[in-house]
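Contents: one structure, followed by commentary.
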Amino acid sequence: MPKIIFFLIAVLLASSCKEAVSETENVQESQWDVTDSLPIKVSVDSKAQTILNEWKDFIALERSFDKIYSTENREDFVLIVDELVENQKKMEVGIYPTAFDIPQIKGRQKVFKTYVLKTKGDLEYRQNTKESLVEMITAFNDLRNQFNVVVNNTLPDELRANEEN
């Protein structure tokens with residue numbers, strides 16, 4: 001019997017001397033490294049830029065979007081994404097310039113809205129936001145590229161409107 005007690009005490013001491021395995025949660029680093037390798041924002045032609053300069057809702061959205069590249073921590077990024085959601089809603093409800101009041105622009109804007117909301121969801125659930133952020137920037141670049149396509153389109157309106165051809 002004393003041998004069993006001695007053996008149990010030895011096992012207990014040996015197991016208590018091991019390094020304690022602490023359960024650590026995923027602690028966010030103080031350094032926000034998600035914005036290091038983001039895609040570059042696509043430039044807009046001067047023709048499209050003159051129209052966009054008069055569209056106040058888009059200017060507000062673009063200013064909010066530009067803040068993504070200067071974000072230093074997660075909390076600021078959450079605020080920027082919330083601001084993007086609000087500005088995107090205003091743009092969606094607002095009045096479009098005549099040249100850009102077409103389904104191609106509105107469709108690209110809905111895709112951008114989808115990826116903004118996906119990024120917001122990833123932030124709320126503390127998932128990796130890198131993939132959704134890249135998708136959001138790509139969708140915004142596609143929207144900006146569509147402005148270039150619309151402005152530089154050389155087909156007459158009669159040909160585009162005629163569905164028989």
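Labels used: A, B, ... for chains in the order of the structure tokens, numbers from 1 for residues in each chain, and numbers from 1 for ligands as shown.
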
Near-Phe112 (chain A) list (7 Å; only C-alpha atoms; drop same-chain fewer than 2 positions) as a ChimeraX atom specification: /A:108-110,114-116,136,139-140

In chain A, DSSP helix (DSSP H, G or I) residues written as an MDAnalysis selection string: chainID A and resid 2:16 46:52 56:70 74:93 98:100 103:124 130:151 157:161

Determine, counting only C-alpha atoms, which protein, DNA and RNA residues have an atom within 12 Å of an atom of Leu38 (chain A); residues of the same chain fewer than 4 positions away are not included. Present the result as a PDB file with N, CA, C and O atoms, in the first residue's frame.
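Output file around04.pdb follows:
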```pdb
ATOM      1  N   ASP A  33      -1.648  44.114 -40.206  1.00  0.00           N
ATOM      2  CA  ASP A  33      -0.843  43.818 -41.384  1.00  0.00           C
ATOM      3  C   ASP A  33      -1.665  43.408 -42.590  1.00  0.00           C
ATOM      4  O   ASP A  33      -1.126  42.975 -43.586  1.00  0.00           O
ATOM      5  N   VAL A  34      -2.960  43.562 -42.531  1.00  0.00           N
ATOM      6  CA  VAL A  34      -3.823  43.152 -43.631  1.00  0.00           C
ATOM      7  C   VAL A  34      -3.667  44.083 -44.830  1.00  0.00           C
ATOM      8  O   VAL A  34      -3.760  43.668 -45.976  1.00  0.00           O
ATOM      9  N   ASP A  66     -10.618  55.218 -49.817  1.00  0.00           N
ATOM     10  CA  ASP A  66      -9.194  55.555 -49.766  1.00  0.00           C
ATOM     11  C   ASP A  66      -8.609  55.391 -48.361  1.00  0.00           C
ATOM     12  O   ASP A  66      -7.411  55.166 -48.218  1.00  0.00           O
ATOM     13  N   ILE A  68      -8.945  52.946 -46.469  1.00  0.00           N
ATOM     14  CA  ILE A  68      -8.555  51.544 -46.239  1.00  0.00           C
ATOM     15  C   ILE A  68      -7.039  51.390 -46.290  1.00  0.00           C
ATOM     16  O   ILE A  68      -6.453  50.670 -45.492  1.00  0.00           O
ATOM     17  N   TYR A  69      -6.410  52.084 -47.219  1.00  0.00           N
ATOM     18  CA  TYR A  69      -4.975  51.918 -47.424  1.00  0.00           C
ATOM     19  C   TYR A  69      -4.140  52.525 -46.302  1.00  0.00           C
ATOM     20  O   TYR A  69      -2.966  52.210 -46.182  1.00  0.00           O
ATOM     21  N   SER A  70      -4.726  53.375 -45.487  1.00  0.00           N
ATOM     22  CA  SER A  70      -3.961  53.999 -44.404  1.00  0.00           C
ATOM     23  C   SER A  70      -4.365  53.479 -43.027  1.00  0.00           C
ATOM     24  O   SER A  70      -3.978  54.049 -42.015  1.00  0.00           O
ATOM     25  N   THR A  71      -5.132  52.414 -42.979  1.00  0.00           N
ATOM     26  CA  THR A  71      -5.584  51.851 -41.715  1.00  0.00           C
ATOM     27  C   THR A  71      -4.425  51.187 -40.979  1.00  0.00           C
ATOM     28  O   THR A  71      -3.661  50.443 -41.566  1.00  0.00           O
ATOM     29  N   THR A 129      -9.921  38.662 -42.655  1.00  0.00           N
ATOM     30  CA  THR A 129     -10.559  39.596 -43.577  1.00  0.00           C
ATOM     31  C   THR A 129      -9.759  39.819 -44.849  1.00  0.00           C
ATOM     32  O   THR A 129     -10.203  40.550 -45.725  1.00  0.00           O
ATOM     33  N   LYS A 130      -8.609  39.220 -44.958  1.00  0.00           N
ATOM     34  CA  LYS A 130      -7.733  39.475 -46.102  1.00  0.00           C
ATOM     35  C   LYS A 130      -8.409  39.120 -47.426  1.00  0.00           C
ATOM     36  O   LYS A 130      -8.418  39.918 -48.356  1.00  0.00           O
ATOM     37  N   GLU A 131      -8.995  37.945 -47.512  1.00  0.00           N
ATOM     38  CA  GLU A 131      -9.621  37.496 -48.758  1.00  0.00           C
ATOM     39  C   GLU A 131     -10.816  38.365 -49.137  1.00  0.00           C
ATOM     40  O   GLU A 131     -10.936  38.806 -50.283  1.00  0.00           O
ATOM     41  N   SER A 132     -11.688  38.645 -48.182  1.00  0.00           N
ATOM     42  CA  SER A 132     -12.861  39.462 -48.496  1.00  0.00           C
ATOM     43  C   SER A 132     -12.481  40.909 -48.796  1.00  0.00           C
ATOM     44  O   SER A 132     -13.128  41.571 -49.610  1.00  0.00           O
ATOM     45  N   LEU A 133     -11.418  41.390 -48.180  1.00  0.00           N
ATOM     46  CA  LEU A 133     -10.957  42.749 -48.459  1.00  0.00           C
ATOM     47  C   LEU A 133     -10.418  42.853 -49.884  1.00  0.00           C
ATOM     48  O   LEU A 133     -10.711  43.820 -50.595  1.00  0.00           O
ATOM     49  N   VAL A 134      -9.670  41.861 -50.322  1.00  0.00           N
ATOM     50  CA  VAL A 134      -9.157  41.855 -51.695  1.00  0.00           C
ATOM     51  C   VAL A 134     -10.321  41.766 -52.684  1.00  0.00           C
ATOM     52  O   VAL A 134     -10.329  42.452 -53.720  1.00  0.00           O
ATOM     53  N   GLU A 135     -11.333  40.957 -52.372  1.00  0.00           N
ATOM     54  CA  GLU A 135     -12.506  40.854 -53.240  1.00  0.00           C
ATOM     55  C   GLU A 135     -13.257  42.189 -53.300  1.00  0.00           C
ATOM     56  O   GLU A 135     -13.740  42.589 -54.361  1.00  0.00           O
ATOM     57  N   MET A 136     -13.351  42.874 -52.162  1.00  0.00           N
ATOM     58  CA  MET A 136     -14.029  44.176 -52.120  1.00  0.00           C
ATOM     59  C   MET A 136     -13.280  45.200 -52.973  1.00  0.00           C
ATOM     60  O   MET A 136     -13.883  45.953 -53.732  1.00  0.00           O
ATOM     61  N   ILE A 137     -11.962  45.224 -52.874  1.00  0.00           N
ATOM     62  CA  ILE A 137     -11.167  46.168 -53.667  1.00  0.00           C
ATOM     63  C   ILE A 137     -11.282  45.829 -55.149  1.00  0.00           C
ATOM     64  O   ILE A 137     -11.389  46.727 -55.995  1.00  0.00           O
ATOM     65  N   THR A 138     -11.296  44.555 -55.476  1.00  0.00           N
ATOM     66  CA  THR A 138     -11.454  44.141 -56.867  1.00  0.00           C
ATOM     67  C   THR A 138     -12.816  44.579 -57.415  1.00  0.00           C
ATOM     68  O   THR A 138     -12.909  45.056 -58.547  1.00  0.00           O
TER      69      THR A 138
END
```

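Going from CA of Glu62 (chain A) over to CA of Lys41 (chain A), you cover 10.4 Å.
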
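As for CA of Ser64 (chain A) and CA of Asp36 (chain A), they are spaced 18.0 Å apart.
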
Closest of A:Phe147, A:Val85, A:Thr119, A:Asn141 to Lys106 (chain A) - atom-to-atom distances counting only C-alpha atoms: A:Phe147

Minimum-distance residue to Leu117 (chain A), chosen among A:Glu83, A:Leu155, A:Ala14, A:Val149 (using only C-alpha atoms): A:Glu83

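The coordinates place CA of Ala99 (chain A) at 11.5 Å from CA of Thr50 (chain A).
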
Residues near Asp57 (chain A), cut-off 8 Å, only C-alpha atoms, skip fewer than 4 positions along chain, as a PyMOL selection string: chain A and resi 61+87+90-91+94

Please, could you write that set of residues out with N, CA, C and O atoms as a compact mmCIF listing (two decimals), in the first residue's frame?
```txt
# COMPACT_ATOMS: atom_id res chain seq x y z
N LEU A 61 -18.09 58.08 -51.13
CA LEU A 61 -17.73 56.66 -51.11
C LEU A 61 -16.25 56.47 -51.40
O LEU A 61 -15.56 55.68 -50.74
N ASN A 87 -22.11 55.02 -46.87
CA ASN A 87 -21.94 55.79 -48.10
C ASN A 87 -22.45 55.02 -49.32
O ASN A 87 -22.98 55.61 -50.26
N LYS A 90 -26.21 55.44 -49.40
CA LYS A 90 -26.57 56.77 -49.91
C LYS A 90 -26.42 56.83 -51.42
O LYS A 90 -27.25 57.43 -52.11
N MET A 91 -25.36 56.24 -51.92
CA MET A 91 -25.12 56.24 -53.36
C MET A 91 -26.18 55.44 -54.09
O MET A 91 -26.65 55.83 -55.16
N GLY A 94 -29.36 57.52 -54.00
CA GLY A 94 -29.21 58.83 -54.60
C GLY A 94 -29.44 58.84 -56.11
O GLY A 94 -29.74 57.83 -56.74
```
